[in-house]
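Student: Below is the file query_1.txt, with compact mmCIF, C-alpha atoms and all ligand atoms.
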```
# COMPACT_ATOMS: atom_id res chain seq x y z
CA MET A 8 37.97 11.48 31.48
CA GLU A 9 39.22 14.59 33.34
CA ASN A 10 41.79 16.32 31.13
CA GLY A 11 40.92 14.07 28.22
CA PHE A 12 44.31 12.44 27.76
CA ALA A 13 44.65 8.67 28.27
CA GLN A 14 46.98 7.50 31.00
CA GLY A 15 49.51 4.84 30.13
CA ARG A 16 51.95 3.79 27.45
CA LEU A 17 51.40 2.51 23.93
CA LEU A 18 53.90 1.27 21.36
CA ILE A 19 52.86 0.85 17.72
CA LYS A 20 55.49 -1.05 15.76
CA ASP A 21 56.11 -2.59 12.35
CA ILE A 22 54.13 0.31 10.86
CA GLY A 23 54.04 0.16 7.05
CA HIS A 24 54.20 3.95 6.63
CA LEU A 25 54.37 6.44 9.50
CA VAL A 26 53.34 9.94 8.39
CA GLY A 27 54.07 13.13 10.31
CA PHE A 28 56.56 11.92 12.93
CA ALA A 29 59.31 14.41 13.82
CA GLU A 30 61.48 15.30 16.78
CA THR A 31 59.49 18.52 17.23
CA PRO A 32 55.89 19.51 16.40
CA LEU A 33 55.27 20.17 12.71
CA GLU A 34 54.67 23.80 11.78
CA ARG A 35 52.54 25.13 8.94
CA MET A 36 53.79 23.96 5.52
CA ALA A 37 53.70 26.36 2.58
CA GLY A 38 54.02 25.91 -1.17
CA TRP A 39 55.94 22.87 -2.41
CA ASP A 40 57.13 22.18 1.15
CA MET A 41 53.69 20.65 1.60
CA ARG A 42 55.09 17.62 -0.24
CA SER A 43 57.73 17.10 2.38
CA MET A 44 55.57 15.85 5.20
CA PRO A 45 57.87 13.28 6.88
CA VAL A 46 57.18 9.63 5.99
CA LEU A 47 59.01 6.68 7.56
CA GLU A 48 58.69 3.21 6.06
CA ASN A 49 58.69 0.29 8.50
CA ALA A 50 58.55 2.40 11.62
CA TRP A 51 57.53 2.60 15.28
CA LEU A 52 55.78 5.21 17.40
CA ALA A 53 55.70 5.51 21.18
CA VAL A 54 52.90 7.23 23.09
CA GLU A 55 52.74 8.17 26.75
CA ASP A 56 49.80 9.75 28.58
CA GLY A 57 48.14 10.64 25.31
CA ARG A 58 51.12 12.31 23.67
CA VAL A 59 53.81 11.23 21.22
CA VAL A 60 57.09 10.66 23.03
CA ASP A 61 59.30 8.90 20.48
CA GLY A 62 59.44 7.11 17.16
CA GLY A 63 61.64 6.17 14.24
CA ALA A 64 62.57 3.43 11.77
CA MET A 65 62.37 -0.22 12.93
CA ALA A 66 66.03 -0.57 11.91
CA ASP A 67 66.84 1.77 14.80
CA PHE A 68 64.26 0.40 17.25
CA PRO A 69 65.94 0.29 20.68
CA GLY A 70 63.78 -2.60 21.96
CA ILE A 71 61.48 -2.61 24.96
CA ALA A 72 63.19 -1.99 28.27
CA ASP A 73 60.09 -1.64 30.44
CA TRP A 74 57.05 -3.85 29.75
CA ASN A 75 55.17 -2.56 32.76
CA GLY A 76 51.70 -1.37 31.70
CA LEU A 77 52.76 -1.18 28.05
CA GLU A 78 50.26 -1.88 25.26
CA VAL A 79 52.02 -3.12 22.13
CA LEU A 80 50.36 -3.14 18.73
CA ASP A 81 51.74 -4.32 15.39
CA ALA A 82 50.61 -2.37 12.32
CA PRO A 83 52.12 -4.22 9.34
CA GLY A 84 51.16 -2.72 5.98
CA ARG A 85 49.12 0.01 7.67
CA CYS A 86 49.65 3.74 7.37
CA ILE A 87 49.61 5.78 10.53
CA LEU A 88 48.39 9.28 9.67
CA PRO A 89 47.89 12.24 12.00
CA ALA A 90 44.18 12.63 12.77
CA TRP A 91 42.43 15.13 10.49
CA VAL A 92 42.09 18.73 11.67
CA ASP A 93 38.79 20.20 10.48
CA SER A 94 39.30 23.96 10.74
CA HIS A 95 35.86 25.05 9.45
CA THR A 96 32.54 23.55 10.57
CA HIS A 97 29.02 24.56 11.49
CA LEU A 98 28.62 21.35 13.48
CA VAL A 99 26.27 22.89 16.04
CA HIS A 100 22.92 23.13 14.27
CA ALA A 101 19.41 21.99 15.06
CA ALA A 102 18.39 19.97 12.03
CA SER A 103 19.25 18.76 8.55
CA ARG A 104 17.76 20.45 5.44
CA GLU A 105 17.24 17.61 3.00
CA GLY A 106 14.07 19.30 1.70
CA GLU A 107 16.26 22.01 0.17
CA PHE A 108 18.47 19.29 -1.31
CA VAL A 109 15.46 17.96 -3.19
CA ASP A 110 14.47 21.52 -4.20
CA ARG A 111 17.90 22.00 -5.74
CA ILE A 112 17.67 18.71 -7.63
CA ARG A 113 14.37 20.02 -9.03
CA GLY A 114 16.09 23.16 -10.29
CA LEU A 115 16.25 25.89 -7.62
CA SER A 116 19.63 27.42 -6.80
CA TYR A 117 21.12 27.79 -3.29
CA GLN A 118 20.56 31.55 -3.54
CA GLU A 119 16.94 31.17 -4.75
CA ILE A 120 16.19 28.88 -1.81
CA ALA A 121 17.70 31.45 0.56
CA ALA A 122 15.67 34.27 -1.02
CA ARG A 123 12.47 32.32 -0.23
CA GLY A 124 13.36 32.21 3.48
CA GLY A 125 15.12 28.84 3.31
CA GLY A 126 18.86 28.43 3.76
CA ILE A 127 20.53 29.94 6.80
CA LEU A 128 17.27 31.53 8.00
CA ASN A 129 15.59 28.11 7.90
CA SER A 130 18.32 26.78 10.21
CA ALA A 131 18.01 29.86 12.43
CA ARG A 132 14.28 29.28 13.01
CA ALA A 133 14.91 25.66 14.02
CA LEU A 134 17.84 26.55 16.25
CA ARG A 135 16.04 29.28 18.17
CA GLU A 136 13.31 26.79 19.10
CA MET A 137 15.60 24.02 20.30
CA PRO A 138 16.50 23.95 24.02
CA GLU A 139 20.21 24.12 24.77
CA ASP A 140 20.49 20.59 26.16
CA GLU A 141 18.86 19.08 23.11
CA LEU A 142 21.13 21.11 20.83
CA TYR A 143 24.07 19.81 22.83
CA ALA A 144 22.92 16.19 22.48
CA VAL A 145 22.46 16.30 18.68
CA SER A 146 25.76 18.15 18.27
CA LEU A 147 27.67 15.69 20.44
CA ALA A 148 26.36 12.80 18.35
CA ARG A 149 27.68 14.56 15.22
CA MET A 150 31.05 15.23 16.81
CA GLU A 151 31.38 11.57 17.78
CA ARG A 152 30.61 10.57 14.19
CA LEU A 153 33.41 12.83 12.95
CA MET A 154 35.79 11.41 15.54
CA ARG A 155 35.08 7.88 14.33
CA MET A 156 36.06 9.04 10.83
CA GLY A 157 39.41 10.16 12.23
CA THR A 158 38.92 13.85 12.98
CA GLY A 159 41.09 14.84 15.93
CA ALA A 160 40.38 18.58 16.28
CA ILE A 161 37.61 20.88 15.05
CA GLU A 162 36.47 24.43 14.79
CA ILE A 163 32.77 25.18 15.39
CA LYS A 164 30.99 28.36 14.34
CA SER A 165 27.87 30.04 15.62
CA GLY A 166 25.70 31.79 13.03
CA TYR A 167 22.32 30.07 13.20
CA GLY A 168 21.26 32.06 16.26
CA LEU A 169 21.34 35.56 14.77
CA ASP A 170 20.26 37.20 18.02
CA LEU A 171 21.92 37.65 21.39
CA GLU A 172 20.34 34.74 23.22
CA SER A 173 20.60 32.19 20.43
CA GLU A 174 24.16 33.05 19.40
CA LEU A 175 25.24 32.63 23.01
CA LYS A 176 23.36 29.32 23.18
CA MET A 177 25.24 27.97 20.16
CA LEU A 178 28.62 29.03 21.48
CA ARG A 179 27.92 27.60 24.93
CA VAL A 180 27.10 24.27 23.31
CA ALA A 181 30.36 24.40 21.33
CA ARG A 182 32.30 25.20 24.51
CA ARG A 183 30.63 22.27 26.32
CA LEU A 184 31.78 19.96 23.52
CA GLY A 185 35.32 21.25 24.00
CA ALA A 186 35.13 20.89 27.77
CA LEU A 187 34.60 17.15 27.35
CA GLY A 188 38.31 16.96 26.51
CA ARG A 189 37.81 14.35 23.80
CA ILE A 190 39.40 16.53 21.09
CA PRO A 191 40.38 20.21 20.94
CA VAL A 192 37.45 22.41 19.91
CA LYS A 193 37.95 26.03 18.80
CA THR A 194 34.93 28.29 18.53
CA THR A 195 34.08 31.14 16.18
CA PHE A 196 31.46 33.86 16.57
CA LEU A 197 29.58 34.14 13.23
CA GLY A 198 26.69 36.38 14.24
CA CYS A 199 26.95 38.04 10.79
CA HIS A 200 26.04 34.91 8.83
CA ALA A 201 22.78 36.22 7.33
CA VAL A 202 20.54 39.22 7.98
CA PRO A 203 17.55 37.81 9.85
CA GLU A 204 13.91 38.75 9.38
CA GLY A 205 13.01 42.08 10.93
CA TRP A 206 16.17 43.94 9.88
CA SER A 207 16.11 46.37 6.98
CA ASP A 208 19.78 46.23 6.03
CA ALA A 209 23.07 44.48 6.67
CA MET A 210 24.81 47.49 8.25
CA SER A 211 22.25 48.15 10.96
CA TYR A 212 22.26 44.42 11.85
CA THR A 213 26.09 44.39 11.91
CA GLU A 214 26.07 47.44 14.19
CA TYR A 215 23.73 45.57 16.54
CA MET A 216 26.06 42.55 16.53
CA VAL A 217 29.04 44.79 17.31
CA ARG A 218 27.22 46.78 19.99
CA GLU A 219 25.26 44.07 21.83
CA VAL A 220 26.35 40.57 20.93
CA LEU A 221 30.12 40.73 20.42
CA PRO A 222 30.75 42.22 23.90
CA ALA A 223 28.60 39.53 25.51
CA VAL A 224 30.40 36.77 23.62
CA VAL A 225 33.76 38.15 24.72
CA ALA A 226 32.66 38.72 28.32
CA GLU A 227 31.67 35.06 28.64
CA GLY A 228 34.85 33.91 26.88
CA LEU A 229 32.79 31.98 24.35
CA ALA A 230 34.76 32.57 21.15
CA ASP A 231 38.32 32.15 19.92
CA HIS A 232 37.71 33.91 16.58
CA VAL A 233 35.20 36.03 14.69
CA ASP A 234 33.74 35.32 11.22
CA ILE A 235 31.37 37.04 8.75
CA PHE A 236 29.80 35.86 5.48
CA CYS A 237 31.39 38.46 3.19
CA GLU A 238 29.36 37.93 0.01
CA GLU A 239 26.99 39.75 -2.31
CA GLY A 240 23.48 39.50 -0.83
CA TYR A 241 24.85 38.86 2.69
CA PHE A 242 27.48 41.25 4.12
CA GLY A 243 29.65 43.71 2.21
CA LEU A 244 33.13 45.15 2.67
CA GLU A 245 31.97 47.94 4.99
CA GLU A 246 30.24 45.53 7.38
CA THR A 247 33.25 43.21 7.24
CA ARG A 248 35.69 46.00 8.07
CA LEU A 249 33.56 47.23 10.98
CA LEU A 250 33.21 43.79 12.51
CA LEU A 251 36.86 42.79 12.07
CA GLU A 252 38.13 46.05 13.54
CA GLN A 253 35.84 45.81 16.55
CA ALA A 254 36.63 42.14 17.12
CA HIS A 255 40.35 42.86 16.88
CA LEU A 256 40.01 45.52 19.58
CA ARG A 257 38.49 42.83 21.78
CA GLY A 258 41.24 40.34 21.02
CA LEU A 259 39.44 38.11 18.53
CA PRO A 260 41.29 37.22 15.32
CA ALA A 261 39.26 36.66 12.15
CA LYS A 262 38.48 33.66 9.97
CA VAL A 263 36.23 34.86 7.18
CA HIS A 264 33.78 33.31 4.68
CA VAL A 265 34.75 35.05 1.45
CA ASN A 266 34.58 34.62 -2.34
CA GLN A 267 32.11 31.71 -2.28
CA PHE A 268 30.00 33.03 -5.16
CA LYS A 269 31.63 36.33 -6.16
CA ALA A 270 35.06 37.96 -5.85
CA SER A 271 34.50 41.24 -4.06
CA GLY A 272 37.78 42.57 -2.74
CA GLY A 273 37.10 40.70 0.50
CA VAL A 274 40.37 38.78 0.34
CA ALA A 275 42.45 41.97 0.22
CA LEU A 276 40.46 43.44 3.09
CA CYS A 277 40.95 40.32 5.24
CA VAL A 278 44.69 40.25 4.50
CA GLU A 279 44.92 43.95 5.39
CA GLN A 280 43.09 43.22 8.66
CA GLY A 281 45.49 40.37 9.48
CA ALA A 282 42.88 37.59 9.34
CA MET A 283 44.07 34.11 10.35
CA SER A 284 42.32 32.55 7.38
CA VAL A 285 40.03 33.24 4.43
CA ASP A 286 37.70 30.35 3.74
CA HIS A 287 35.82 29.17 0.60
CA LEU A 288 37.61 31.02 -2.26
CA GLU A 289 35.73 29.15 -4.95
CA VAL A 290 36.02 32.31 -7.07
CA LEU A 291 39.54 33.65 -6.89
CA ARG A 292 41.26 36.30 -9.01
CA ALA A 293 45.00 36.51 -9.74
CA GLU A 294 45.31 39.56 -7.48
CA ASP A 295 43.71 37.63 -4.60
CA VAL A 296 46.28 34.84 -4.98
CA ALA A 297 49.09 37.40 -4.95
CA GLU A 298 47.68 39.05 -1.80
CA LEU A 299 47.55 35.70 -0.02
CA ALA A 300 51.02 34.63 -1.14
CA ASN A 301 52.46 37.74 0.47
CA SER A 302 50.67 37.34 3.78
CA GLU A 303 50.33 35.20 6.89
CA THR A 304 46.62 34.66 6.15
CA LEU A 305 45.89 31.01 5.31
CA PRO A 306 43.56 30.08 2.46
CA VAL A 307 41.07 27.36 3.45
CA ALA A 308 39.38 25.31 0.72
CA LEU A 309 36.03 23.61 1.35
CA PRO A 310 35.72 21.04 -1.44
CA LEU A 311 32.67 19.26 0.00
CA CYS A 312 30.72 22.52 -0.43
CA SER A 313 31.86 22.77 -4.07
CA LEU A 314 30.83 19.16 -4.64
CA PHE A 315 27.44 19.51 -2.96
CA LEU A 316 26.44 22.87 -4.50
CA ASP A 317 28.17 22.22 -7.84
CA LEU A 318 30.40 25.29 -7.44
CA PRO A 319 33.90 25.72 -8.85
CA PHE A 320 36.58 24.12 -6.70
CA THR A 321 39.05 26.43 -4.96
CA PRO A 322 42.16 26.61 -7.17
CA GLY A 323 44.37 24.69 -4.77
CA ARG A 324 47.15 23.99 -7.26
CA THR A 325 47.47 27.69 -8.07
CA LEU A 326 47.55 28.65 -4.38
CA VAL A 327 50.21 26.07 -3.51
CA ASP A 328 52.32 26.94 -6.57
CA ALA A 329 52.15 30.59 -5.43
CA GLY A 330 53.66 29.52 -2.10
CA CYS A 331 50.55 29.55 0.12
CA ALA A 332 49.98 27.26 3.12
CA LEU A 333 46.67 25.87 1.90
CA ALA A 334 44.31 24.15 4.35
CA ILE A 335 41.35 21.89 3.57
CA ALA A 336 38.26 21.61 5.81
CA THR A 337 34.75 20.18 5.46
CA ASP A 338 32.46 23.20 6.12
CA PHE A 339 30.13 20.58 7.70
CA ASN A 340 26.69 22.30 7.77
CA PRO A 341 23.10 21.46 6.86
CA GLY A 342 22.88 23.70 3.77
CA SER A 343 26.02 23.58 1.67
CA ALA A 344 28.04 20.60 2.94
CA PRO A 345 26.11 18.02 5.01
CA SER A 346 29.19 15.87 5.61
CA GLY A 347 32.11 15.98 7.99
CA ASN A 348 34.15 13.50 5.99
CA MET A 349 37.71 14.88 5.94
CA HIS A 350 38.95 11.84 4.01
CA LEU A 351 36.64 12.71 1.12
CA ALA A 352 37.56 16.41 1.38
CA ALA A 353 41.27 15.54 1.15
CA ALA A 354 40.68 13.16 -1.77
CA LEU A 355 38.76 15.92 -3.62
CA GLY A 356 41.84 18.07 -3.05
CA CYS A 357 43.59 15.62 -5.40
CA MET A 358 40.74 14.86 -7.78
CA ARG A 359 39.39 18.39 -8.26
CA MET A 360 42.03 20.82 -6.99
CA GLY A 361 45.16 19.34 -8.53
CA LEU A 362 46.97 18.56 -5.29
CA GLU A 363 49.37 15.65 -4.88
CA PRO A 364 48.24 13.25 -2.15
CA MET A 365 50.94 14.38 0.28
CA GLU A 366 49.96 18.02 -0.27
CA ALA A 367 46.31 17.22 0.37
CA ILE A 368 47.24 15.34 3.56
CA ALA A 369 49.36 18.30 4.77
CA ALA A 370 46.45 20.64 3.97
CA SER A 371 44.04 18.47 5.99
CA THR A 372 46.29 17.99 9.02
CA VAL A 373 49.25 20.30 9.66
CA ASN A 374 47.81 23.33 7.86
CA GLY A 375 44.35 22.77 9.34
CA ALA A 376 46.01 22.95 12.75
CA ALA A 377 47.86 26.12 11.73
CA ALA A 378 44.54 27.65 10.62
CA LEU A 379 43.34 27.17 14.21
CA GLY A 380 46.52 28.24 15.98
CA LEU A 381 46.89 24.63 17.18
CA ALA A 382 49.99 23.56 15.25
CA SER A 383 52.01 22.77 18.36
CA GLU A 384 49.29 20.39 19.60
CA VAL A 385 47.72 18.59 16.65
CA GLY A 386 48.10 18.10 12.90
CA GLY A 387 51.39 16.19 13.10
CA LEU A 388 52.78 13.36 15.20
CA GLY A 389 55.86 15.19 16.39
CA VAL A 390 57.25 14.56 19.87
CA GLY A 391 55.03 16.37 22.37
CA GLN A 392 52.00 16.53 20.09
CA GLU A 393 48.69 14.86 20.86
CA ALA A 394 48.65 11.14 20.06
CA SER A 395 45.65 11.46 17.75
CA LEU A 396 45.99 9.30 14.68
CA ILE A 397 44.37 7.11 12.07
CA MET A 398 45.58 3.55 11.60
CA THR A 399 44.48 2.67 8.06
CA ARG A 400 43.60 -0.71 6.66
CA PRO A 401 46.56 -2.29 4.83
CA LEU A 402 47.67 0.01 1.98
CA ARG A 403 50.52 -0.26 -0.51
CA SER A 404 51.46 3.40 -0.12
CA VAL A 405 50.39 6.68 1.46
CA ASP A 406 49.12 7.82 -1.95
CA GLU A 407 46.63 4.93 -1.90
CA ALA A 408 44.95 6.50 1.15
CA LEU A 409 43.47 9.24 -1.06
CA TYR A 410 43.33 7.24 -4.30
CA ALA A 411 40.87 4.80 -2.67
CA PHE A 412 38.59 7.73 -1.93
CA GLY A 413 35.22 6.09 -1.37
CA ASP A 414 36.30 3.29 0.93
CA PRO A 415 36.47 3.52 4.70
CA LEU A 416 40.05 4.48 5.51
CA ALA A 417 40.43 3.97 9.24
CA GLU A 418 40.79 0.53 10.75
CA ARG A 419 41.27 2.13 14.15
CA VAL A 420 41.33 5.70 15.46
CA LEU A 421 43.35 6.90 18.46
CA LEU A 422 42.45 10.29 19.97
CA ARG A 423 44.54 11.76 22.78
CA GLY A 424 45.77 8.22 23.45
CA HIS A 425 42.31 6.64 23.61
CA TRP A 426 41.32 4.02 21.03
CA LEU A 427 37.77 4.54 19.77
CA ASP A 428 35.54 1.47 19.57
O1 LIG A 501 29.97 27.97 4.67
N1 LIG A 501 28.32 30.25 3.18
C1 LIG A 501 27.89 30.45 4.27
N2 LIG A 501 27.67 29.58 5.25
C2 LIG A 501 27.70 28.16 5.10
C3 LIG A 501 26.41 27.57 4.65
C4 LIG A 501 25.35 27.81 5.61
C5 LIG A 501 24.04 27.16 5.32
O2 LIG A 501 23.62 27.03 4.16
O3 LIG A 501 23.42 26.78 6.30
C6 LIG A 501 28.86 27.77 4.22
O4 LIG A 501 28.69 27.31 3.08
FE FE A 502 31.06 27.72 6.30
```
Kindly present the structure from the file in structure tokens form.
Tutor:
Amino acid sequence: MENGFAQGRLLIKDIGHLVGFAETPLERMAGWDMRSMPVLENAWLAVEDGRVVDGGAMADFPGIADWNGLEVLDAPGRCILPAWVDSHTHLVHAASREGEFVDRIRGLSYQEIAARGGGILNSARALREMPEDELYAVSLARMERLMRMGTGAIEIKSGYGLDLESELKMLRVARRLGALGRIPVKTTFLGCHAVPEGWSDAMSYTEYMVREVLPAVVAEGLADHVDIFCEEGYFGLEETRLLLEQAHLRGLPAKVHVNQFKASGGVALCVEQGAMSVDHLEVLRAEDVAELANSETLPVALPLCSLFLDLPFTPGRTLVDAGCALAIATDFNPGSAPSGNMHLAAALGCMRMGLEPMEAIAASTVNGAAALGLASEVGGLGVGQEASLIMTRPLRSVDEALYAFGDPLAERVLLRGHWLD
């Protein structure tokens, strides 16, 4: 597939609703602007060599001058949506943890399971044992499943290695997935995800990560960002500050797990440190919202985690009303969100976070791309952007795409100009 982009020309016409087309790439959308994602009724879209080159209303369709090598597709009644951008996943992991799922049904909490050596440490044991090629194979199968659901770009974190060798192994696997060129893959070094067995405290483990692992990750060019699980019982504000400062010196911006179970002042610290995003935010105070509204740091909600662990949902309505550029991602991981279904995540944005459908779509596409620094490439279908899109089954309106939340949405998926089977 070489550079990953399809060669050739494609015209999609008679589109019921075309979402996200513009003359230039869409930028991050903040506050009520999230409702103004462009929508054209009865429209056309032209693609060349895997990128959007033109589009508009059928009333202004110029006709086809050159039929040579052109694929033409009619999409009556369908919506064309930009492919989802999933800006927060732990897609590279060794194995599922359905045993803990059953333990929770029987009454244990996520934290109680972790305290017994389950949770992240359970995944770390399995990951350390798995050879790199096998880890790559199971991860690729997961990525392909996400692509079939219409995900056109992802972020992948490390954080189940928790030592030098295994963290590097995870990140190499993530880089190999990106090198396939199927979709853009951004990687995040999350060595400070949990304190593994054999360490007495979070600070001495963080110092080891900063001293030994971070430099190796950077030297091999394995990460685009750094992350830490800033949470009571995991890593505190001091560890977070140390890691973010050291990563910044080495050129890595931060995307941080914060306020999942407790509000700790982590949001203010991340804003002060210029983090790209703060993710989770199930527990958010008024002062945290104000900090975010006055910053470039994007809030990222992970509603599948709230659903699966029965946590509060991130107050999306409040964040958008305050003027934030909210993003939605899946958090796909074996412990707190064993699903990479962006359609369901976006629909939960409406059903549990108070977002209007167009806001939830903007959060799951354009703002997801912004949360990865990829807004010029993906997230919208502006001229020059990647031709990665979902063609829905026939729908009466764009709103119906999220209203019909449990049904398969995509009739066909195009990624970088390639139709998936
Ligand atoms: O984002 N909260 C921290 N990390 C993951 C869960 C990791 C796990 O349980 O394996 C999350 O929810
Ligand atoms: Fe996560």
Student: Compile a residue-level contact table for chain A against ligand FE 502 (chain A) at a cut-off of 7 Å, reporting for every qualifying residue the shortest atom pair and its distance in Å to one decimal, with all atoms listed in the file counted, rows ordered by chain and ascending number, as a Markdown table.
Tutor:
```
| residue | atom | partner | partner_atom | distance |
| --- | --- | --- | --- | --- |
| A:His95 | CA | A:FE502 | FE | 6.3 |
| A:Thr96 | CA | A:FE502 | FE | 6.1 |
| A:His97 | CA | A:FE502 | FE | 6.4 |
| A:His264 | CA | A:FE502 | FE | 6.4 |
| A:Asp338 | CA | A:FE502 | FE | 4.7 |
```
Student: Selected residues, C-alpha atoms, written as a compact mmCIF listing (two decimals), in the coordinates of the input, please.
Tutor:
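Final output, saved to part_20.txt:
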```txt
# COMPACT_ATOMS: atom_id res chain seq x y z
CA HIS A 95 35.86 25.05 9.45
CA THR A 96 32.54 23.55 10.57
CA HIS A 97 29.02 24.56 11.49
CA HIS A 264 33.78 33.31 4.68
CA ASP A 338 32.46 23.20 6.12
```
Student: Sort by chain and increasing residue number a table of all residues of chain A within 9 Å of ligand LIG 501 (chain A), each with its closest pair of atoms and their distance in Å to one decimal, counting all atoms listed in the file, and write it as a tab-separated table.
Tutor:
```
residue	atom	partner	partner_atom	distance
A:His95	CA	A:LIG501	O1	8.1
A:Thr96	CA	A:LIG501	O1	7.8
A:His97	CA	A:LIG501	C2	7.5
A:His100	CA	A:LIG501	O3	8.8
A:Arg104	CA	A:LIG501	O3	8.5
A:Tyr117	CA	A:LIG501	O2	7.9
A:Ala121	CA	A:LIG501	O2	8.2
A:Gly125	CA	A:LIG501	O2	8.7
A:Gly126	CA	A:LIG501	O2	5.0
A:Ile127	CA	A:LIG501	O3	4.3
A:Leu128	CA	A:LIG501	O3	8.0
A:Asn129	CA	A:LIG501	O3	8.1
A:Ser130	CA	A:LIG501	O3	6.4
A:Ala131	CA	A:LIG501	O3	8.7
A:Gly166	CA	A:LIG501	N2	8.3
A:Tyr167	CA	A:LIG501	O3	7.7
A:His200	CA	A:LIG501	N2	6.6
A:Ala201	CA	A:LIG501	C1	8.3
A:Ile235	CA	A:LIG501	C1	8.7
A:Phe236	CA	A:LIG501	C1	5.9
A:Cys237	CA	A:LIG501	N1	8.8
A:Glu238	CA	A:LIG501	N1	8.4
A:His264	CA	A:LIG501	N1	6.4
A:Val265	CA	A:LIG501	N1	8.2
A:Gln267	CA	A:LIG501	N1	6.8
A:Phe268	CA	A:LIG501	N1	9.0
A:Asp286	CA	A:LIG501	O1	8.1
A:His287	CA	A:LIG501	O1	7.2
A:Leu309	CA	A:LIG501	O1	8.2
A:Cys312	CA	A:LIG501	O4	6.3
A:Asp338	CA	A:LIG501	O1	5.6
A:Phe339	CA	A:LIG501	O1	8.0
A:Asn340	CA	A:LIG501	O3	5.7
A:Pro341	CA	A:LIG501	O3	5.4
A:Gly342	CA	A:LIG501	O2	3.4
A:Ser343	CA	A:LIG501	O4	4.8
A:Ala344	CA	A:LIG501	O4	6.7
```
Student: Quick one: everything within 12 Å of Asp73 in chain A, counting only C-alpha atoms, minus sequence neighbours fewer than 4 positions away in the same chain. Send it as a count of residues only.
Tutor: 7
Student: Between A:Leu147, A:Pro345, A:Asp170, A:Asp21, which is the closest to Glu105 in chain A once you count only C-alpha atoms?
Tutor: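 Going through A:Leu147, A:Pro345, A:Asp170, A:Asp21 one by one, the smallest distance to Glu105 in chain A is for A:Pro345.
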Student: May I have the residues within 7 Å of Gly323 in chain A as a ChimeraX atom specification, using all atoms listed in the file and disregarding those fewer than 6 positions away in the same chain?
Tutor: /A:360-362
Student: In Å, rounded to a single decimal, give me how far CA of Val290 in chain A is from CA of Lys269 in chain A.
Tutor: 6.0 Å
Student: Quick one: residues within 10 Å of Asn348 in chain A, only C-alpha atoms, excluding same-chain residues fewer than 2 positions away - as a list in words?
Tutor: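 Selected residues are Trp91, Asp93, Arg152, Leu153, Met154, Met156, Gly157, Thr158, Leu311, Ala336, Thr337, Asp338, Phe339, Ala344, Pro345, Ser346, His350, Leu351, Ala352 and Ala353 of chain A.
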Student: Create the file for the chosen residues now, containing C-alpha atoms and written as an mmCIF file, keeping the file's coordinate frame.
Tutor:
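again.cif, freshly written:
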```
data_model
loop_
_atom_site.group_PDB
_atom_site.id
_atom_site.type_symbol
_atom_site.label_atom_id
_atom_site.label_comp_id
_atom_site.auth_asym_id
_atom_site.auth_seq_id
_atom_site.Cartn_x
_atom_site.Cartn_y
_atom_site.Cartn_z
ATOM 1 C CA TRP A 91 42.430 15.130 10.490
ATOM 2 C CA ASP A 93 38.790 20.200 10.480
ATOM 3 C CA ARG A 152 30.610 10.570 14.190
ATOM 4 C CA LEU A 153 33.410 12.830 12.950
ATOM 5 C CA MET A 154 35.790 11.410 15.540
ATOM 6 C CA MET A 156 36.060 9.040 10.830
ATOM 7 C CA GLY A 157 39.410 10.160 12.230
ATOM 8 C CA THR A 158 38.920 13.850 12.980
ATOM 9 C CA LEU A 311 32.670 19.260 0.000
ATOM 10 C CA ALA A 336 38.260 21.610 5.810
ATOM 11 C CA THR A 337 34.750 20.180 5.460
ATOM 12 C CA ASP A 338 32.460 23.200 6.120
ATOM 13 C CA PHE A 339 30.130 20.580 7.700
ATOM 14 C CA ALA A 344 28.040 20.600 2.940
ATOM 15 C CA PRO A 345 26.110 18.020 5.010
ATOM 16 C CA SER A 346 29.190 15.870 5.610
ATOM 17 C CA HIS A 350 38.950 11.840 4.010
ATOM 18 C CA LEU A 351 36.640 12.710 1.120
ATOM 19 C CA ALA A 352 37.560 16.410 1.380
ATOM 20 C CA ALA A 353 41.270 15.540 1.150
#
```
Student: Smallest atom-to-atom distance to Ile112 in chain A: which of A:Met177, A:Met150, A:Leu316, A:Ala254, using all atoms listed in the file?
Tutor: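 The answer is A:Leu316, which sits nearest to Ile112 in chain A.
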Student: To one decimal in Å, tell me the separation between CA of Gly15 in chain A and CA of His425 in chain A.
Tutor: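 Those two atoms sit 9.9 Å apart.
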Student: As a short mmCIF file (atom, residue, chain, number, x, y, z; two decimals) with C-alpha atoms, in the coordinates of the input, please: the residues near range 383-392 of chain A (cut-off 8 Å, only C-alpha atoms, same-chain neighbours under 4 positions excluded).
Tutor:
```
data_model
loop_
_atom_site.label_atom_id
_atom_site.label_comp_id
_atom_site.auth_asym_id
_atom_site.auth_seq_id
_atom_site.Cartn_x
_atom_site.Cartn_y
_atom_site.Cartn_z
CA VAL A 26 53.34 9.94 8.39
CA GLY A 27 54.07 13.13 10.31
CA PHE A 28 56.56 11.92 12.93
CA ALA A 29 59.31 14.41 13.82
CA GLU A 30 61.48 15.30 16.78
CA THR A 31 59.49 18.52 17.23
CA PRO A 32 55.89 19.51 16.40
CA LEU A 33 55.27 20.17 12.71
CA GLU A 34 54.67 23.80 11.78
CA ARG A 58 51.12 12.31 23.67
CA VAL A 59 53.81 11.23 21.22
CA VAL A 60 57.09 10.66 23.03
CA ASP A 61 59.30 8.90 20.48
CA PRO A 89 47.89 12.24 12.00
CA ALA A 90 44.18 12.63 12.77
CA TRP A 91 42.43 15.13 10.49
CA VAL A 92 42.09 18.73 11.67
CA GLY A 159 41.09 14.84 15.93
CA ALA A 160 40.38 18.58 16.28
CA THR A 372 46.29 17.99 9.02
CA VAL A 373 49.25 20.30 9.66
CA ASN A 374 47.81 23.33 7.86
CA GLY A 375 44.35 22.77 9.34
CA ALA A 376 46.01 22.95 12.75
CA LEU A 396 45.99 9.30 14.68
#
```
